[in-house]
Amino acid sequence: MIGRLVVIGLGLIGGSFAKGVRESGLCREVVGMDLDPQSRLLAVELGVVDRCEEDLALACQGADVIQLAVPILAMERLLGKLAALDLGTAILTDVGSAKGNVVRAARQVFGNNLARFVPGHPIAGSEQSGVEASNAELFRRHKVILTPLPETEPSALQVVDTLWRALGADVEHMQIQRHDEVLAATSHLPHLLAFGLVDSLAKRNENLDIFRYAAGGFRDFTRIAGSDPVMWHDIFLANREAVLRTLDTFRSDLDALRDAVDAGDGHQLLGVFTRARVAREHFGKILARRAYVEKMSTNDLVFLGQPGGSLKGRVRVPGDKSISHRSIMLGALADGTTEVDGFLEGEDALATLQAFRDMGVVIEGPHHGRVTIHGVGLHGLKAPPGPIYLGNSGTSMRLLAGLLAAQTFDSVLTGDASLSKRPMNRVANPLRDMGAVIETAADGRPPLTIRGGQALKGFNYTLPMASAQVKSCLLLAGLYAQGRTSVTEPAPTRDHTERMLRGFGYPVSVTGPSASVESGHTLHATRIEVPGDISSAAFFLVAASIAEGSDLVLEHVGINPTRTGVIDILRLMGADITLVNPREVGGEPVADLHVRAAALKGIDMPLALVPLAIDEFPVLFVAAACAQGRTILRGAQELRVKESDRIQVMADGLLALGVKCEPTADGIVIDGGPIAGGEVHGHGDHRIAMAFSVAALRASAPIRIHDCANVATSFPNFLALCGQVGIRVSEEGKS
Ligand code: S3P
């Protein structure tokens with residue numbers, strides 16, 4: 001609560017601030033001051049202020065906060081006049097679109113006496129102007145940037161911050177120079193280009209004709225050329241240095257585009273356009289607070305699973321996640337253009353795709369699962385412009401670590417909260433043995449900082465755990481290492497990397513549990529057809545098995561023998577699954593899976609099948625809950641370090657639904673029986689959310705599943721496919 005706010009300059013911004021604060025009740029009196037008598041009259045009439053003054057000294061008497069809302073070039077003179085007054089302990093703040101020049105002017109007149117000056121800039125406006133357009137809601141959900149000086153008193157900053165927040169603004173604090181640079185690039189440069197382009201076209205003789213045909217593109221691009229010329233003239237004079245820097249960078253990028261057009265360099269053009277297009281989409285999603293693909297909603301997306309129903313029909317699940325990742329990686333490193341069909345457009349695989357775009361690879365799509373990758377060869381990657389963000393995707397981070405350890409440039413790999421907790425020493429340590437230089441956060445967690453320019457040496461490595469990610473990471477590093485890199489695994493894990501390397505014409509030798517590569521060969525572009533993901537099909541295999549009367553065909557599912565543990569385990573439990581029309585597509589075995597409801601029984605899960613079903617256990621636990629008798633899993637401690645601790649969170653959820661179970665260090669014991677309805681948590685783990693959606697089929701009441709947004713990492717159309725086959729699960733609040 002403050003006593004008196006004085007707003008100098010009653011235009012759109014000053015008027016809206018005055019009106020908003022007045023309505024907020026945070027201030028006893030709001031006083032306005034403007035040189036224009038008409039504006040002063042209107043301001044009182046419209047309830048923008050309590051009273052107005054013509055004289056600056058009178059207006060500022062007894063002020064607690066003085067807001068300077070005059071045009072930016074008028075600020076200098078105003079500050080000079082204010083310095084001549086006794087302002088007591090009043091806090092001074094402003095709304096200028098450039099901050100460096102305002103602060104310079106303030107220093108000139110106030111010297112070092114700026115402890116109560118809080119420079120600010122609301123990023124809001126409207127094509128209307130004047131006090132009559134004052135709108136108390138103008139700043140709601142808009143950013144306001146405050147750029148405190150080193151000597152600004154925290155209490156003064158706090159008051160200004162509180163006033164803006166009371167108007168619903170999203171307040172951020174920033175360094176002055178950074179503010180001016182960001183605004184020069186994101187606001188000032190686009191305005192300069194819009195004004196410049198319209199003027200340039202209008203000057204031409206044929207302008208009438210041009211404007212007659214200038215429909216969407218021209219109109220959209222130049223909308224902002226309708227802004228107030230005087231205000232913008234002020235801004236360019238005020239933010240001269242930062243505008244010149246961003247303009248010069250843009251000029252050289254524009255020259256490069258000109259050269260590409262001149263030289264007929266379609267590759268260069270495609271690179272710029274595809275990167276720009278995703279950047280634009282990404283930006284739009286950031287604005288709407290969404291990630292790479294439309295997350296199914298905000299923070300807590302709740303799925304509501306209704307009990308009962310049976311599954312019928314034929315469906316195709318989305319493309320295999322592991323194969324989609326690898327198709328981008330190897331396609332990027334190949335010589336020539338690789339076409340991919342059936343690519344999984346989920347967030348994890350898109351994170352890999354974006355990483356390679358960041359490293360200069362031109363990638364078209366994805367569009368309906370089709371991706372075209374213009375390979376740059378093994379030595380053609382470029383340094384990314386900043387840290388590579390990999391979202392939720394452990395596979396992206398671990399495989400990329402191997403590849404990046406061997407590049408000439410440095411890189412930093414980061415991820416979301418879940419990925420930031422996952423162990424990375426399992427790849428960092430063996431890579432260091434090969435000569436890589438990698439730093440991690442405490443306990444080997446991300447981010448990973450990888451130093452380029454190291455000469456790697458091939459070696460023989462025996463994996464301490466069955467992990468296809470670690471194996472693949474080291475084989476990718478091995479493509480660059482001196483001599484031979486050989487990896488021996490304690491149990492078979494998915495071999496997509498080995499198969500796909502061969503598909504790209506790169507020799508890989510496999511003897512028993514060991515796979516090895518030598519450097520010195522090249523990858524040749526190829527066509528890849530990504531089969532349906534058996535890990536996604538697994539939800540429907542279990543669902544159709546446990547829902548009475550079900551009869552379902554899952555088309556074109558990958559049945560690589562290193563991935564079919566889920567089928568073997570379900571069959572041991574009594575499931576009725578047949579493989580129809582087995583065939584080979586691009587080096588990977590594929591079949592249609594026909595599944596019918598069956599009475600399941602509890603089993604002791606064979607140890608050898610654990611790595612072959614490693615991603616399918618959450619839904620297999622649901623099968624166990626529906627089976628007659630006891631199911632025991634051992635040797636699956638890896639589940640504790642997946643996207644969540646899958647043993648613990650599944651046990652917690654099953655217990656909440658009344659299922660008898662007991663987690664152990666490396667597995668779980670589950671006694672089949674009735675499933676009640678209730679509340680469970682997805683813990684941001686896609687497979688937990690989908691597993692409990694399936695459980696609802698056999699529950700006695702609805703199941704509410706919290707935190708389901710990450711289903712989009714691997715199965716963006718999960719709810720739609722559920723609806724299609726007869727699983728009644730939906731986003732809460734939507735039918
Ligand atoms: C994957 C390997 C598995 C699996 C993950 C994908 C891969 O991880 O859980 O979802 O694509 O190589 P680990 O190899 O760490 O077990």
# chains A, B, ... in the order shown; residues from 1 in each chain; ligands from 1

$ residues_near_ligand --ligand "ligand 1" --cutoff "10 Å" --atoms "only C-alpha atoms and all ligand atoms" --output "VMD selection string"
chain A and resid 320 to 326 393 to 396 398 to 399 423 426 465 to 473 493 to 497 535 563 610 to 616 638 to 639 641 to 643 714

$ select_by_dssp --residues "range 48-192 of chain A" --states "strand (DSSP E or B)" --output "number ranges by chain"
A: 51-53, 65-68, 91-94, 117-118, 120-122, 143-146, 170-173

$ atom_distance --atom1 "CA of Arg527 in chain A" --atom2 "CA of Thr338 in chain A"
5.7 Å

$ closest_residue --among "A:His379, A:Arg40, A:His706, A:Arg275" --to "Ile688 in chain A" --atoms "only C-alpha atoms"
A:His706

$ residues_around --residues "Glu662 in chain A" --least-positions-apart "2" --cutoff "12 Å" --atoms "only C-alpha atoms" --output "PyMOL selection string"
chain A and resi 621+625+630-633+647-655+659-660+664-671

$ write_last_selection --atoms "N, CA, C and O atoms" --output "compact mmCIF listing (two decimals), in the first residue's frame"
# COMPACT_ATOMS: atom_id res chain seq x y z
N PHE A 621 2.92 -55.13 -15.25
CA PHE A 621 2.47 -55.17 -13.84
C PHE A 621 0.93 -55.11 -13.80
O PHE A 621 0.30 -55.70 -12.92
N ALA A 625 -1.58 -57.79 -12.20
CA ALA A 625 -2.65 -57.47 -11.25
C ALA A 625 -3.96 -58.13 -11.66
O ALA A 625 -4.82 -58.42 -10.83
N ARG A 630 0.23 -65.32 -8.20
CA ARG A 630 1.32 -64.39 -7.88
C ARG A 630 2.29 -64.26 -9.06
O ARG A 630 2.66 -65.24 -9.70
N THR A 631 2.70 -63.04 -9.34
CA THR A 631 3.74 -62.80 -10.35
C THR A 631 4.95 -62.23 -9.62
O THR A 631 4.81 -61.34 -8.77
N ILE A 632 6.11 -62.75 -9.99
CA ILE A 632 7.34 -62.27 -9.34
C ILE A 632 8.31 -61.79 -10.43
O ILE A 632 8.55 -62.48 -11.42
N LEU A 633 8.83 -60.58 -10.23
CA LEU A 633 9.87 -60.06 -11.13
C LEU A 633 11.13 -59.83 -10.31
O LEU A 633 11.09 -59.25 -9.23
N ILE A 647 9.54 -49.13 -10.45
CA ILE A 647 9.12 -50.14 -9.48
C ILE A 647 8.29 -49.46 -8.39
O ILE A 647 7.18 -49.87 -8.07
N GLN A 648 8.83 -48.37 -7.85
CA GLN A 648 8.17 -47.70 -6.74
C GLN A 648 6.85 -47.05 -7.16
O GLN A 648 5.83 -47.21 -6.50
N VAL A 649 6.87 -46.32 -8.29
CA VAL A 649 5.65 -45.58 -8.62
C VAL A 649 4.53 -46.52 -9.08
O VAL A 649 3.36 -46.27 -8.80
N MET A 650 4.89 -47.64 -9.71
CA MET A 650 3.84 -48.61 -10.06
C MET A 650 3.30 -49.26 -8.80
O MET A 650 2.08 -49.45 -8.66
N ALA A 651 4.20 -49.59 -7.85
CA ALA A 651 3.74 -50.20 -6.60
C ALA A 651 2.81 -49.23 -5.87
O ALA A 651 1.72 -49.61 -5.41
N ASP A 652 3.20 -47.97 -5.80
CA ASP A 652 2.35 -46.97 -5.12
C ASP A 652 0.97 -46.90 -5.76
O ASP A 652 -0.05 -46.88 -5.07
N GLY A 653 0.95 -46.87 -7.09
CA GLY A 653 -0.32 -46.76 -7.81
C GLY A 653 -1.17 -48.01 -7.63
O GLY A 653 -2.38 -47.93 -7.36
N LEU A 654 -0.55 -49.17 -7.76
CA LEU A 654 -1.32 -50.42 -7.62
C LEU A 654 -1.89 -50.53 -6.21
O LEU A 654 -3.05 -50.91 -6.02
N LEU A 655 -1.07 -50.18 -5.21
CA LEU A 655 -1.56 -50.24 -3.82
C LEU A 655 -2.75 -49.30 -3.64
O LEU A 655 -3.75 -49.64 -2.99
N VAL A 659 -4.53 -53.21 -5.10
CA VAL A 659 -3.87 -54.43 -5.57
C VAL A 659 -2.77 -54.79 -4.57
O VAL A 659 -2.01 -53.92 -4.14
N LYS A 660 -2.69 -56.05 -4.22
CA LYS A 660 -1.66 -56.46 -3.26
C LYS A 660 -0.34 -56.59 -3.98
O LYS A 660 -0.21 -57.37 -4.95
N THR A 664 10.49 -54.77 -4.45
CA THR A 664 11.76 -55.26 -3.91
C THR A 664 12.87 -54.43 -4.55
O THR A 664 12.59 -53.60 -5.42
N ALA A 665 14.12 -54.66 -4.13
CA ALA A 665 15.22 -53.84 -4.64
C ALA A 665 15.28 -53.92 -6.16
O ALA A 665 15.52 -52.93 -6.85
N ASP A 666 15.06 -55.12 -6.71
CA ASP A 666 15.25 -55.29 -8.16
C ASP A 666 14.01 -55.81 -8.85
O ASP A 666 14.10 -56.41 -9.92
N GLY A 667 12.84 -55.61 -8.25
CA GLY A 667 11.63 -56.10 -8.92
C GLY A 667 10.40 -55.87 -8.07
O GLY A 667 10.33 -54.91 -7.31
N ILE A 668 9.45 -56.80 -8.18
CA ILE A 668 8.18 -56.61 -7.47
C ILE A 668 7.49 -57.97 -7.36
O ILE A 668 7.74 -58.88 -8.17
N VAL A 669 6.64 -58.09 -6.36
CA VAL A 669 5.79 -59.27 -6.23
C VAL A 669 4.34 -58.77 -6.27
O VAL A 669 3.99 -57.87 -5.50
N ILE A 670 3.57 -59.31 -7.18
CA ILE A 670 2.18 -58.82 -7.34
C ILE A 670 1.22 -59.99 -7.22
O ILE A 670 1.39 -61.02 -7.89
N ASP A 671 0.21 -59.84 -6.38
CA ASP A 671 -0.84 -60.86 -6.28
C ASP A 671 -2.06 -60.38 -7.04
O ASP A 671 -2.61 -59.32 -6.72

$ closest_residue --among "A:Val340, A:Leu609, A:Leu419, A:Leu413" --to "Ile528 in chain A" --atoms "only C-alpha atoms"
A:Val340

$ residues_around --residues "Gly444 in chain A" --least-positions-apart "2" --cutoff "12 Å" --atoms "only C-alpha atoms" --output "VMD selection string"
chain A and resid 419 to 429 438 to 442 446 to 449

$ residues_around --residues "Val622 in chain A" --least-positions-apart "2" --cutoff "12 Å" --atoms "only C-alpha atoms" --output "PyMOL selection string"
chain A and resi 538-543+545-547+570+600+602+616-620+624-627+631+650-651+653-655+657+659-661+670-675+687-699

$ select_by_dssp --residues "range 88-204 of chain A" --states "helix (DSSP H, G or I)" --output "count of residues only"
55

$ closest_residue --among "A:Gly11, A:Pro387, A:Pro582, A:Gly503" --to "Ser129 in chain A" --atoms "only C-alpha atoms"
A:Gly11

$ atom_distance --atom1 "CA of Asp199 in chain A" --atom2 "CA of Gly226 in chain A"
11.7 Å

$ closest_residue --among "A:Val118, A:Leu456, A:Ala242, A:Ala701" --to "Gln158 in chain A" --atoms "only C-alpha atoms"
A:Val118
